[in-house]
file protein18.csv (CSV, C-alpha atoms)
chain,number,residue,atom,x,y,z
A,1,MET,CA,-49.5,59.6,-37.9
A,2,LYS,CA,-47.9,61.3,-34.9
A,3,PRO,CA,-49.8,63.6,-32.6
A,4,GLU,CA,-48.8,67.2,-33.1
A,5,ASP,CA,-49.2,70.4,-31.0
A,6,TYR,CA,-49.6,68.3,-27.8
A,7,SER,CA,-50.3,70.2,-24.6
A,8,ARG,CA,-51.4,69.4,-21.1
A,9,ARG,CA,-52.2,72.0,-18.5
A,10,GLN,CA,-54.2,72.4,-15.3
A,11,GLU,CA,-57.0,75.0,-14.8
A,12,GLU,CA,-59.9,75.5,-12.5
A,13,LEU,CA,-63.4,75.2,-13.9
A,14,ALA,CA,-66.6,75.7,-11.8
A,15,GLY,CA,-64.4,75.6,-8.7
A,16,TRP,CA,-62.8,72.2,-9.6
A,17,PRO,CA,-59.2,71.7,-10.7
A,18,VAL,CA,-59.1,69.9,-14.1
A,19,THR,CA,-56.5,68.8,-16.6
A,20,ILE,CA,-56.9,69.9,-20.2
A,21,GLU,CA,-55.1,67.8,-22.8
A,22,THR,CA,-55.2,68.7,-26.4
A,23,TYR,CA,-53.4,67.3,-29.5
A,24,LYS,CA,-53.8,67.4,-33.3
A,25,LEU,CA,-54.1,64.1,-35.2
A,26,GLY,CA,-54.3,64.6,-39.0
A,27,GLU,CA,-56.6,67.6,-39.5
A,28,VAL,CA,-58.5,67.2,-36.2
A,29,TYR,CA,-57.8,68.7,-32.8
A,30,HIS,CA,-58.9,66.4,-29.9
A,31,CYS,CA,-59.4,67.9,-26.5
A,32,THR,CA,-60.2,65.9,-23.3
A,33,ILE,CA,-60.8,67.2,-19.8
A,34,ALA,CA,-60.2,65.2,-16.7
A,35,ASN,CA,-60.7,66.0,-13.0
A,36,VAL,CA,-57.4,66.3,-11.2
A,37,ASP,CA,-58.6,64.1,-8.4
A,38,PRO,CA,-59.2,61.2,-9.0
A,39,GLY,CA,-58.1,61.8,-12.6
A,40,ALA,CA,-61.1,60.7,-14.7
A,41,ARG,CA,-61.7,62.0,-18.2
A,42,PHE,CA,-65.3,63.3,-18.3
A,43,ALA,CA,-65.6,65.7,-21.2
A,44,ARG,CA,-64.1,65.9,-24.6
A,45,ALA,CA,-64.6,67.6,-28.0
A,46,ASP,CA,-63.0,67.6,-31.4
A,47,GLY,CA,-62.5,70.7,-33.6
A,48,ALA,CA,-60.7,72.1,-36.6
A,49,SER,CA,-58.6,74.3,-34.4
A,50,ARG,CA,-57.2,74.0,-30.8
A,51,GLU,CA,-59.5,76.9,-29.8
A,52,GLU,CA,-62.6,75.3,-31.1
A,53,ALA,CA,-61.9,71.9,-29.6
A,54,GLU,CA,-61.0,73.4,-26.2
A,55,ARG,CA,-63.9,75.8,-26.1
A,56,GLN,CA,-66.4,73.0,-26.7
A,57,ALA,CA,-64.8,70.6,-24.2
A,58,ILE,CA,-64.6,73.4,-21.6
A,59,GLU,CA,-68.3,74.2,-22.1
A,60,LYS,CA,-69.2,70.6,-21.6
A,61,ALA,CA,-66.9,70.2,-18.6
A,62,THR,CA,-68.2,73.3,-16.9
A,63,ARG,CA,-71.8,72.1,-17.3
A,64,TYR,CA,-71.0,68.7,-15.9
A,65,LEU,CA,-69.0,70.1,-13.0
A,66,ALA,CA,-71.8,72.5,-12.0
A,67,GLN,CA,-73.9,69.4,-11.2
A,68,THR,CA,-71.3,68.0,-8.7
A,69,ARG,CA,-72.7,68.7,-5.3
A,70,ARG,CA,-70.6,69.2,-2.1
A,71,PHE,CA,-71.9,67.9,1.2
A,72,PRO,CA,-70.9,69.0,4.6
A,73,VAL,CA,-68.4,66.7,6.3
A,74,GLY,CA,-67.9,66.2,10.0
B,1,MET,CA,-34.2,49.4,-5.0
B,2,ALA,CA,-36.1,46.1,-4.9
B,3,ALA,CA,-37.7,44.8,-8.1
B,4,TYR,CA,-41.4,44.2,-8.5
B,5,THR,CA,-42.5,40.8,-7.5
B,6,VAL,CA,-43.7,40.0,-11.1
B,7,PRO,CA,-41.7,42.5,-13.2
B,8,ASN,CA,-42.6,41.1,-16.6
B,9,VAL,CA,-46.2,42.0,-16.0
B,10,LEU,CA,-45.3,45.5,-17.1
B,11,VAL,CA,-43.9,46.6,-20.5
B,12,THR,CA,-42.7,50.0,-21.5
B,13,THR,CA,-44.1,52.3,-24.2
B,14,GLU,CA,-40.8,51.6,-26.0
B,15,TRP,CA,-41.4,47.9,-25.9
B,16,VAL,CA,-44.9,48.3,-27.3
B,17,ALA,CA,-43.7,50.5,-30.1
B,18,SER,CA,-41.3,47.7,-31.1
B,19,HIS,CA,-43.5,44.7,-30.6
B,20,ALA,CA,-47.1,45.9,-31.2
B,21,THR,CA,-47.6,43.8,-34.3
B,22,ASP,CA,-45.5,40.7,-33.3
B,23,ALA,CA,-47.0,37.3,-33.8
B,24,GLY,CA,-48.4,36.1,-30.5
B,25,VAL,CA,-48.8,39.6,-29.1
B,26,ARG,CA,-52.0,41.6,-29.0
B,27,ILE,CA,-52.2,45.2,-27.8
B,28,VAL,CA,-55.6,46.2,-26.5
B,29,GLU,CA,-56.8,49.6,-25.4
B,30,VAL,CA,-59.5,49.9,-22.8
B,31,ASP,CA,-60.6,53.4,-21.8
B,32,THR,CA,-62.9,55.0,-19.3
B,33,ASP,CA,-63.9,57.4,-22.1
B,34,THR,CA,-65.0,54.8,-24.6
B,35,THR,CA,-64.4,57.2,-27.5
B,36,ALA,CA,-60.7,57.7,-26.7
B,37,TYR,CA,-59.7,54.8,-29.0
B,38,ASP,CA,-61.2,56.6,-31.9
B,39,GLN,CA,-59.1,59.7,-31.2
B,40,GLY,CA,-56.0,57.7,-32.1
B,41,HIS,CA,-54.6,54.5,-30.7
B,42,VAL,CA,-51.4,52.5,-30.8
B,43,PRO,CA,-51.1,51.2,-34.3
B,44,GLY,CA,-52.4,47.6,-34.5
B,45,ALA,CA,-54.2,47.8,-31.2
B,46,ALA,CA,-57.6,46.5,-30.6
B,47,GLY,CA,-60.2,48.5,-28.7
B,48,TRP,CA,-62.5,47.1,-26.1
B,49,ASN,CA,-65.5,48.9,-24.7
B,50,TRP,CA,-65.8,48.3,-21.0
B,51,THR,CA,-69.5,49.3,-20.9
B,52,THR,CA,-70.6,46.7,-23.5
B,53,GLU,CA,-67.8,44.1,-23.9
B,54,LEU,CA,-66.3,43.7,-20.4
B,55,CYS,CA,-69.4,43.3,-18.4
B,56,ASP,CA,-72.7,41.5,-18.3
B,57,THR,CA,-75.1,44.0,-19.9
B,58,LEU,CA,-78.2,42.5,-18.3
B,59,VAL,CA,-77.2,41.7,-14.7
B,60,ARG,CA,-74.7,43.8,-12.9
B,61,ASP,CA,-71.7,41.5,-13.1
B,62,ILE,CA,-68.3,41.0,-14.8
B,63,VAL,CA,-68.2,39.6,-18.3
B,64,PRO,CA,-69.7,36.1,-18.6
B,65,LYS,CA,-67.2,33.4,-19.6
B,66,ASP,CA,-68.7,32.7,-23.0
B,67,LYS,CA,-68.9,36.4,-23.9
B,68,LEU,CA,-65.2,36.8,-23.0
B,69,GLU,CA,-64.3,33.8,-25.1
B,70,ASP,CA,-66.1,35.4,-28.0
B,71,LEU,CA,-64.4,38.7,-27.4
B,72,LEU,CA,-61.0,37.2,-27.2
B,73,GLY,CA,-61.6,35.0,-30.2
B,74,SER,CA,-62.8,37.9,-32.4
B,75,THR,CA,-59.7,39.9,-31.3
B,76,GLY,CA,-57.5,37.1,-32.7
B,77,ILE,CA,-56.4,36.1,-29.2
B,78,ASP,CA,-55.9,32.4,-28.3
B,79,ASN,CA,-54.8,31.0,-25.0
B,80,LYS,CA,-51.1,31.5,-25.7
B,81,THR,CA,-51.3,35.1,-26.8
B,82,ALA,CA,-49.5,37.8,-24.8
B,83,ILE,CA,-52.2,40.4,-24.2
B,84,VAL,CA,-50.8,43.9,-23.5
B,85,LEU,CA,-53.4,46.3,-22.1
B,86,TYR,CA,-53.3,50.0,-21.8
B,87,GLY,CA,-55.8,52.9,-21.5
B,88,ASP,CA,-56.6,56.3,-20.3
B,89,ASN,CA,-56.7,57.5,-16.7
B,90,ASN,CA,-53.5,55.8,-16.0
B,91,ASN,CA,-54.8,52.4,-17.0
B,92,TRP,CA,-58.0,52.3,-14.8
B,93,PHE,CA,-60.0,50.1,-17.2
B,94,ALA,CA,-56.9,48.4,-18.5
B,95,ALA,CA,-56.6,47.1,-15.0
B,96,TRP,CA,-60.2,46.2,-14.9
B,97,ALA,CA,-59.7,44.1,-18.1
B,98,PHE,CA,-56.5,42.6,-16.5
B,99,TRP,CA,-58.4,41.6,-13.4
B,100,GLN,CA,-61.1,39.9,-15.4
B,101,LEU,CA,-58.6,38.1,-17.7
B,102,LYS,CA,-57.0,36.7,-14.6
B,103,ILE,CA,-60.3,35.7,-13.1
B,104,TYR,CA,-60.8,33.6,-16.3
B,105,GLY,CA,-57.3,32.2,-16.2
B,106,HIS,CA,-55.4,34.0,-19.0
B,107,GLU,CA,-51.7,33.3,-18.4
B,108,ASP,CA,-49.9,36.1,-20.2
B,109,VAL,CA,-51.4,39.5,-19.5
B,110,ARG,CA,-49.3,42.6,-19.2
B,111,MET,CA,-49.9,46.3,-18.8
B,112,MET,CA,-48.2,49.1,-20.7
B,113,ASP,CA,-46.7,51.2,-18.0
B,114,GLY,CA,-47.9,54.8,-18.2
B,115,GLY,CA,-50.8,53.9,-20.4
B,116,ARG,CA,-52.3,56.2,-23.0
B,117,LYS,CA,-51.1,59.3,-21.2
B,118,LYS,CA,-47.4,58.4,-21.5
B,119,TRP,CA,-47.8,57.2,-25.1
B,120,LEU,CA,-49.4,60.6,-26.1
B,121,ALA,CA,-46.9,62.7,-24.1
B,122,GLU,CA,-44.0,61.0,-25.8
B,123,GLY,CA,-45.5,61.9,-29.2
B,124,ARG,CA,-45.6,58.3,-30.4
B,125,GLU,CA,-47.4,57.1,-33.5
B,126,LEU,CA,-51.2,56.9,-33.4
B,127,SER,CA,-53.6,55.3,-35.8
B,128,THR,CA,-57.3,55.8,-36.3
B,129,GLU,CA,-57.7,52.5,-38.3
B,130,LYS,CA,-59.4,49.6,-36.7
B,131,PRO,CA,-57.3,46.6,-37.4
B,132,LYS,CA,-59.0,43.4,-38.5
B,133,PHE,CA,-58.0,40.1,-36.8
B,134,GLN,CA,-58.3,36.6,-37.9
B,135,LYS,CA,-60.7,34.9,-35.6
B,136,ALA,CA,-59.1,32.6,-33.0
B,137,THR,CA,-60.5,29.9,-30.7
B,138,TYR,CA,-60.3,30.8,-27.0
B,139,LYS,CA,-61.2,28.6,-24.1
B,140,ALA,CA,-61.4,30.3,-20.7
B,141,SER,CA,-61.1,28.7,-17.4
B,142,GLY,CA,-62.4,29.7,-14.0
B,143,PRO,CA,-63.8,31.9,-12.8
B,144,ASP,CA,-61.2,32.2,-10.1
B,145,LEU,CA,-63.2,33.9,-7.4
B,146,SER,CA,-60.3,34.2,-5.0
B,147,LEU,CA,-59.6,37.5,-6.8
B,148,ARG,CA,-63.0,38.9,-6.2
B,149,ALA,CA,-64.9,40.0,-3.1
B,150,PHE,CA,-68.7,40.0,-2.8
B,151,LEU,CA,-70.8,41.9,-0.4
B,152,PRO,CA,-71.3,39.2,2.2
B,153,GLU,CA,-67.6,38.8,2.6
B,154,VAL,CA,-67.1,42.5,3.0
B,155,GLN,CA,-69.8,42.6,5.6
B,156,THR,CA,-68.0,39.9,7.5
B,157,VAL,CA,-64.7,41.7,7.2
B,158,VAL,CA,-66.4,44.8,8.7
B,159,GLN,CA,-67.7,42.8,11.6
B,160,LYS,CA,-64.6,40.7,12.3
B,161,LYS,CA,-61.9,43.0,11.0
B,162,SER,CA,-60.5,40.0,9.2
B,163,ALA,CA,-58.9,41.8,6.3
B,164,ALA,CA,-57.6,45.3,5.5
B,165,LEU,CA,-60.2,47.3,3.5
B,166,VAL,CA,-58.6,49.8,1.2
B,167,ASP,CA,-60.7,52.6,-0.2
B,168,VAL,CA,-58.9,53.9,-3.3
B,169,ARG,CA,-61.2,56.7,-4.1
B,170,SER,CA,-60.3,60.4,-3.7
B,171,PRO,CA,-60.2,61.8,-0.2
B,172,GLN,CA,-63.4,63.9,-1.0
B,173,GLU,CA,-65.2,60.7,-1.9
B,174,PHE,CA,-63.9,58.9,1.1
B,175,THR,CA,-65.2,61.6,3.5
B,176,GLY,CA,-68.5,61.9,1.7
B,177,GLU,CA,-68.0,65.5,0.6
B,178,ILE,CA,-68.9,64.3,-2.9
B,179,LEU,CA,-70.8,61.3,-4.1
B,180,ALA,CA,-68.8,60.8,-7.4
B,181,PRO,CA,-65.7,62.2,-9.0
B,182,PRO,CA,-66.2,65.8,-10.1
B,183,GLY,CA,-68.0,66.0,-13.5
B,184,LEU,CA,-69.4,62.4,-13.3
B,185,PRO,CA,-72.9,61.4,-12.4
B,186,GLU,CA,-73.8,60.6,-8.8
B,187,THR,CA,-74.4,56.9,-8.5
B,188,CYS,CA,-75.0,56.4,-4.8
B,189,GLN,CA,-77.5,57.5,-2.2
B,190,ARG,CA,-75.0,58.2,0.6
B,191,GLY,CA,-71.5,59.5,0.9
B,192,GLY,CA,-68.7,58.2,3.1
B,193,HIS,CA,-66.9,54.9,3.4
B,194,ILE,CA,-67.1,51.4,4.6
B,195,PRO,CA,-66.4,51.3,8.4
B,196,GLY,CA,-62.8,50.5,9.1
B,197,ALA,CA,-61.6,51.2,5.6
B,198,ARG,CA,-58.3,53.0,5.1
B,199,SER,CA,-58.0,55.8,2.5
B,200,ILE,CA,-55.2,55.2,0.0
B,201,PRO,CA,-56.2,56.8,-3.3
B,202,TRP,CA,-55.2,54.8,-6.3
B,203,ALA,CA,-53.2,57.7,-7.8
B,204,LYS,CA,-50.6,57.6,-5.0
B,205,ALA,CA,-49.3,54.5,-6.7
B,206,CYS,CA,-48.4,56.4,-9.8
B,207,ASN,CA,-45.7,58.9,-10.9
B,208,ASP,CA,-46.7,62.1,-12.7
B,209,ASP,CA,-46.1,60.4,-16.1
B,210,GLY,CA,-48.6,57.7,-15.3
B,211,THR,CA,-46.0,55.0,-14.6
B,212,PHE,CA,-46.1,53.0,-11.5
B,213,LYS,CA,-43.9,54.0,-8.6
B,214,ASN,CA,-41.1,51.7,-7.7
B,215,TYR,CA,-41.4,48.7,-5.4
B,216,ASP,CA,-39.9,50.4,-2.3
B,217,ASP,CA,-42.1,53.5,-2.6
B,218,LEU,CA,-45.2,51.3,-3.1
B,219,LYS,CA,-44.3,49.1,-0.1
B,220,SER,CA,-43.9,52.2,2.0
B,221,LEU,CA,-47.1,53.7,0.8
B,222,TYR,CA,-49.3,50.8,1.7
B,223,GLY,CA,-47.2,49.7,4.7
B,224,ALA,CA,-47.6,53.2,6.3
B,225,ALA,CA,-51.3,52.6,6.3
B,226,GLY,CA,-51.0,49.2,7.8
B,227,VAL,CA,-51.6,47.3,4.6
B,228,THR,CA,-49.1,44.5,4.4
B,229,ALA,CA,-48.7,41.2,2.7
B,230,ASP,CA,-49.2,39.1,5.8
B,231,LYS,CA,-53.0,39.7,6.0
B,232,PRO,CA,-55.8,39.6,3.5
B,233,VAL,CA,-56.7,42.8,1.6
B,234,ILE,CA,-59.9,43.9,-0.1
B,235,ALA,CA,-59.7,47.0,-2.3
B,236,TYR,CA,-62.8,49.0,-3.4
B,237,CYS,CA,-63.7,52.3,-5.1
B,238,ARG,CA,-66.9,53.4,-6.8
B,239,ILE,CA,-67.5,50.8,-9.4
B,240,GLY,CA,-64.5,48.6,-9.2
B,241,GLU,CA,-62.1,49.8,-11.9
B,242,ARG,CA,-59.8,52.1,-9.8
B,243,SER,CA,-59.7,49.3,-7.2
B,244,SER,CA,-58.6,46.9,-10.0
B,245,HIS,CA,-55.6,49.2,-10.4
B,246,THR,CA,-54.7,49.0,-6.8
B,247,TRP,CA,-55.4,45.2,-6.8
B,248,PHE,CA,-52.9,45.0,-9.7
B,249,VAL,CA,-50.3,46.9,-7.7
B,250,LEU,CA,-50.7,44.8,-4.5
B,251,LYS,CA,-50.9,41.5,-6.3
B,252,TYR,CA,-48.3,41.8,-9.0
B,253,LEU,CA,-46.0,44.6,-8.1
B,254,LEU,CA,-45.8,44.0,-4.4
B,255,GLY,CA,-46.6,40.3,-4.5
B,256,PHE,CA,-49.5,40.1,-2.0
B,257,GLN,CA,-51.0,36.6,-2.0
B,258,ASP,CA,-54.4,37.4,-0.7
B,259,VAL,CA,-55.9,40.5,-2.3
B,260,LYS,CA,-59.3,40.8,-3.7
B,261,ASN,CA,-61.2,43.5,-5.7
B,262,TYR,CA,-64.6,44.3,-4.3
B,263,ASP,CA,-66.2,45.5,-7.6
B,264,GLY,CA,-69.6,46.1,-6.1
B,265,SER,CA,-67.7,48.9,-4.4
B,266,TRP,CA,-69.4,52.1,-3.2
B,267,THR,CA,-72.2,51.9,-5.8
B,268,GLU,CA,-73.3,48.8,-3.9
B,269,TRP,CA,-72.4,49.7,-0.3
B,270,GLY,CA,-73.5,53.3,-0.6
B,271,ASN,CA,-76.9,52.3,-1.9
B,272,LEU,CA,-77.7,49.5,0.6
B,273,VAL,CA,-80.6,50.2,3.0
B,274,GLY,CA,-79.3,50.1,6.5
B,275,ALA,CA,-75.6,49.6,5.7
B,276,ALA,CA,-73.3,51.2,8.2
B,277,VAL,CA,-71.4,54.2,6.8
B,278,GLU,CA,-68.4,56.0,8.3
B,279,LYS,CA,-67.9,59.7,7.9
B,280,PRO,CA,-65.5,61.4,7.5

call {"tool": "encode", "arguments": {"input": "protein18.csv", "output": "structure tokens"}}
result
Amino acid sequence: MKPEDYSRRQEELAGWPVTIETYKLGEVYHCTIANVDPGARFARADGASREEAERQAIEKATRYLAQTRRFPVG
Amino acid sequence: MAAYTVPNVLVTTEWVASHATDAGVRIVEVDTDTTAYDQGHVPGAAGWNWTTELCDTLVRDIVPKDKLEDLLGSTGIDNKTAIVLYGDNNNWFAAWAFWQLKIYGHEDVRMMDGGRKKWLAEGRELSTEKPKFQKATYKASGPDLSLRAFLPEVQTVVQKKSAALVDVRSPQEFTGEILAPPGLPETCQRGGHIPGARSIPWAKACNDDGTFKNYDDLKSLYGAAGVTADKPVIAYCRIGERSSHTWFVLKYLLGFQDVKNYDGSWTEWGNLVGAAVEKP
């Protein structure tokens, strides 16, 4: 099978830049979300449509990102 | 433009598409996100789980020799097999596997340049079938600990400045603004970096498509920070996989002779009672 409907874009979630990558394989859409820096995948979801997969992945990502604390520097 | 020191350590996505099922070749996917393999992988590729198969699951350590022998044997890999690794996050954990395979003496290990990211972006074939392999016999050698730094050595380096310490985490982790990459669990008590370390994030070694930068650009990148082949280098990150990536670049693409991965990394140093921490 070849992946179809592939897309990759950057957005900001909970104040952090992320990359959202989605593709369809067979009948399933796979969405994964990675932080831009350092580039680690940390949330993903599958769905019957692009919208469903991305919505679920974004929900998870937003929840995880909200737990990332920032500390004063300098 | 100069060539990489060991150019055949990298293969292209095109090469993998043509040779994935060749006799004597085994493609293996190793991902940070251990579910990525199930979302489609290179047809014929095996999948290794770094959290269970590439470490000691009791003690914090790399995979024990006998466990690696079993893993390789069950993946149909013998001592002569060409192992081609790839994975997500621009090959972070593929590099982690590469580093361990070299510690245990496997001769022919290669990396698919660009990893899973490039394979997907090129719209190449994916499979969700897990291939079955005929069991092989594997005998590991080593461990070659000249590739690995432990805490006491790093402590000595900090005191004597006897090697270049390279922190390959993001700038925000280096300064201590955050304790872990955004979205991932915090795994240390303090933020900052090991005193004297230079910040050269791993991603600076890569192009946008996930492939490695060319030799000249890589040499300039590390040289500009004073990291050169004439002195020992120790790379570290948070848990040792991103620094495997930088270790790979320095050792195989730039040809540094004395470069080690400190896999204890920040989750060891940043949790040590009384350890010196530099901020920012």

call {"tool": "residues_around", "arguments": {"input": "protein18.csv", "residues": "A:Ile33", "least_positions_apart": "2", "cutoff": "7 Å", "atoms": "only C-alpha atoms", "output": "PyMOL selection string"}}
result
chain A and resi 18-21+31+35+41-44+57+61

call {"tool": "closest_residue", "arguments": {"input": "protein18.csv", "among": "A:Glu59, A:Pro72, A:Glu52, A:Ala40", "to": "B:Arg242", "atoms": "only C-alpha atoms"}}
result
A:Ala40

call {"tool": "closest_residue", "arguments": {"input": "protein18.csv", "among": "B:Thr137, B:Ser146, B:Asn8, B:Thr75", "to": "B:Ile103", "atoms": "only C-alpha atoms"}}
result
B:Ser146

call {"tool": "closest_residue", "arguments": {"input": "protein18.csv", "among": "B:Val157, B:Ile200, B:Leu120, B:Ala235", "to": "chain A", "atoms": "only C-alpha atoms"}}
result
B:Leu120

call {"tool": "closest_residue", "arguments": {"input": "protein18.csv", "among": "B:Thr228, B:Ser74, B:Thr34, B:Thr21", "to": "chain A", "atoms": "only C-alpha atoms"}}
result
B:Thr34

call {"tool": "residues_around", "arguments": {"input": "protein18.csv", "residues": "B:Leu184", "least_positions_apart": "3", "cutoff": "8 Å", "atoms": "all atoms listed in the file", "output": "CSV table (one decimal) with C-alpha atoms, in the coordinates of the input"}}
result
chain,number,residue,atom,x,y,z
A,42,PHE,CA,-65.3,63.3,-18.3
A,64,TYR,CA,-71.0,68.7,-15.9
A,65,LEU,CA,-69.0,70.1,-13.0
A,68,THR,CA,-71.3,68.0,-8.7
B,180,ALA,CA,-68.8,60.8,-7.4
B,181,PRO,CA,-65.7,62.2,-9.0

call {"tool": "closest_residue", "arguments": {"input": "protein18.csv", "among": "B:Tyr215, B:Tyr236, B:Trp247, B:Tyr4", "to": "B:Leu151", "atoms": "all atoms listed in the file"}}
result
B:Tyr236

call {"tool": "closest_residue", "arguments": {"input": "protein18.csv", "among": "A:Ser7, A:Gln56, A:Gly15, A:Met1", "to": "A:Arg70", "atoms": "all atoms listed in the file"}}
result
A:Gly15

call {"tool": "atom_distance", "arguments": {"input": "protein18.csv", "atom1": "atom CA of B:Asn89", "atom2": "atom CA of A:Asp37"}}
result
10.8 Å

call {"tool": "atom_distance", "arguments": {"input": "protein18.csv", "atom1": "atom CA of B:Arg26", "atom2": "atom CA of B:Thr246"}}
result
23.6 Å

call {"tool": "closest_atom_pairs", "arguments": {"input": "protein18.csv", "of": "chain B", "to": "chain A", "cutoff": "6 Å", "atoms": "all atoms listed in the file", "output": "Markdown table"}}
result
| residue | atom | partner | partner_atom | distance |
| --- | --- | --- | --- | --- |
| B:Asn89 | CA | A:Ala40 | CA | 5.8 |
| B:Gly123 | CA | A:Pro3 | CA | 5.7 |
| B:Arg124 | CA | A:Lys2 | CA | 5.9 |
| B:Glu125 | CA | A:Lys2 | CA | 4.5 |
| B:Leu126 | CA | A:Met1 | CA | 5.5 |
| B:Ser170 | CA | A:Pro38 | CA | 5.5 |
| B:Glu177 | CA | A:Phe71 | CA | 4.6 |
| B:Ile178 | CA | A:Arg70 | CA | 5.2 |
| B:Pro182 | CA | A:Thr68 | CA | 5.7 |
| B:Gly183 | CA | A:Leu65 | CA | 4.2 |
| B:Pro280 | CA | A:Gly74 | CA | 5.9 |

call {"tool": "atom_distance", "arguments": {"input": "protein18.csv", "atom1": "atom CA of B:Gly40", "atom2": "atom CA of B:Glu14"}}
result
17.5 Å

call {"tool": "residues_around", "arguments": {"input": "protein18.csv", "residues": "B:Glu69", "least_positions_apart": "4", "cutoff": "10 Å", "atoms": "only C-alpha atoms", "output": "ChimeraX atom specification"}}
result
/B:63-65,73-75,77-79,104,136-141

call {"tool": "residues_around", "arguments": {"input": "protein18.csv", "residues": "B:Gly115", "least_positions_apart": "6", "cutoff": "7 Å", "atoms": "all atoms listed in the file", "output": "tab-separated table (two decimals) with C-alpha atoms, in the coordinates of the input"}}
result
chain	number	residue	atom	x	y	z
B	86	TYR	CA	-53.30	50.00	-21.80
B	87	GLY	CA	-55.80	52.90	-21.50
B	88	ASP	CA	-56.60	56.30	-20.30
B	90	ASN	CA	-53.50	55.80	-16.00
B	91	ASN	CA	-54.80	52.40	-17.00
B	210	GLY	CA	-48.60	57.70	-15.30

call {"tool": "residues_around", "arguments": {"input": "protein18.csv", "residues": "B:Ala276", "least_positions_apart": "2", "cutoff": "7 Å", "atoms": "only C-alpha atoms", "output": "VMD selection string"}}
result
chain B and resid 195 274 278

call {"tool": "write_last_selection", "arguments": {"input": "protein18.csv", "atoms": "C-alpha atoms", "output": "compact mmCIF listing (two decimals), in the frame of the given file"}}
result
# COMPACT_ATOMS: atom_id res chain seq x y z
CA PRO B 195 -66.40 51.30 8.40
CA GLY B 274 -79.30 50.10 6.50
CA GLU B 278 -68.40 56.00 8.30
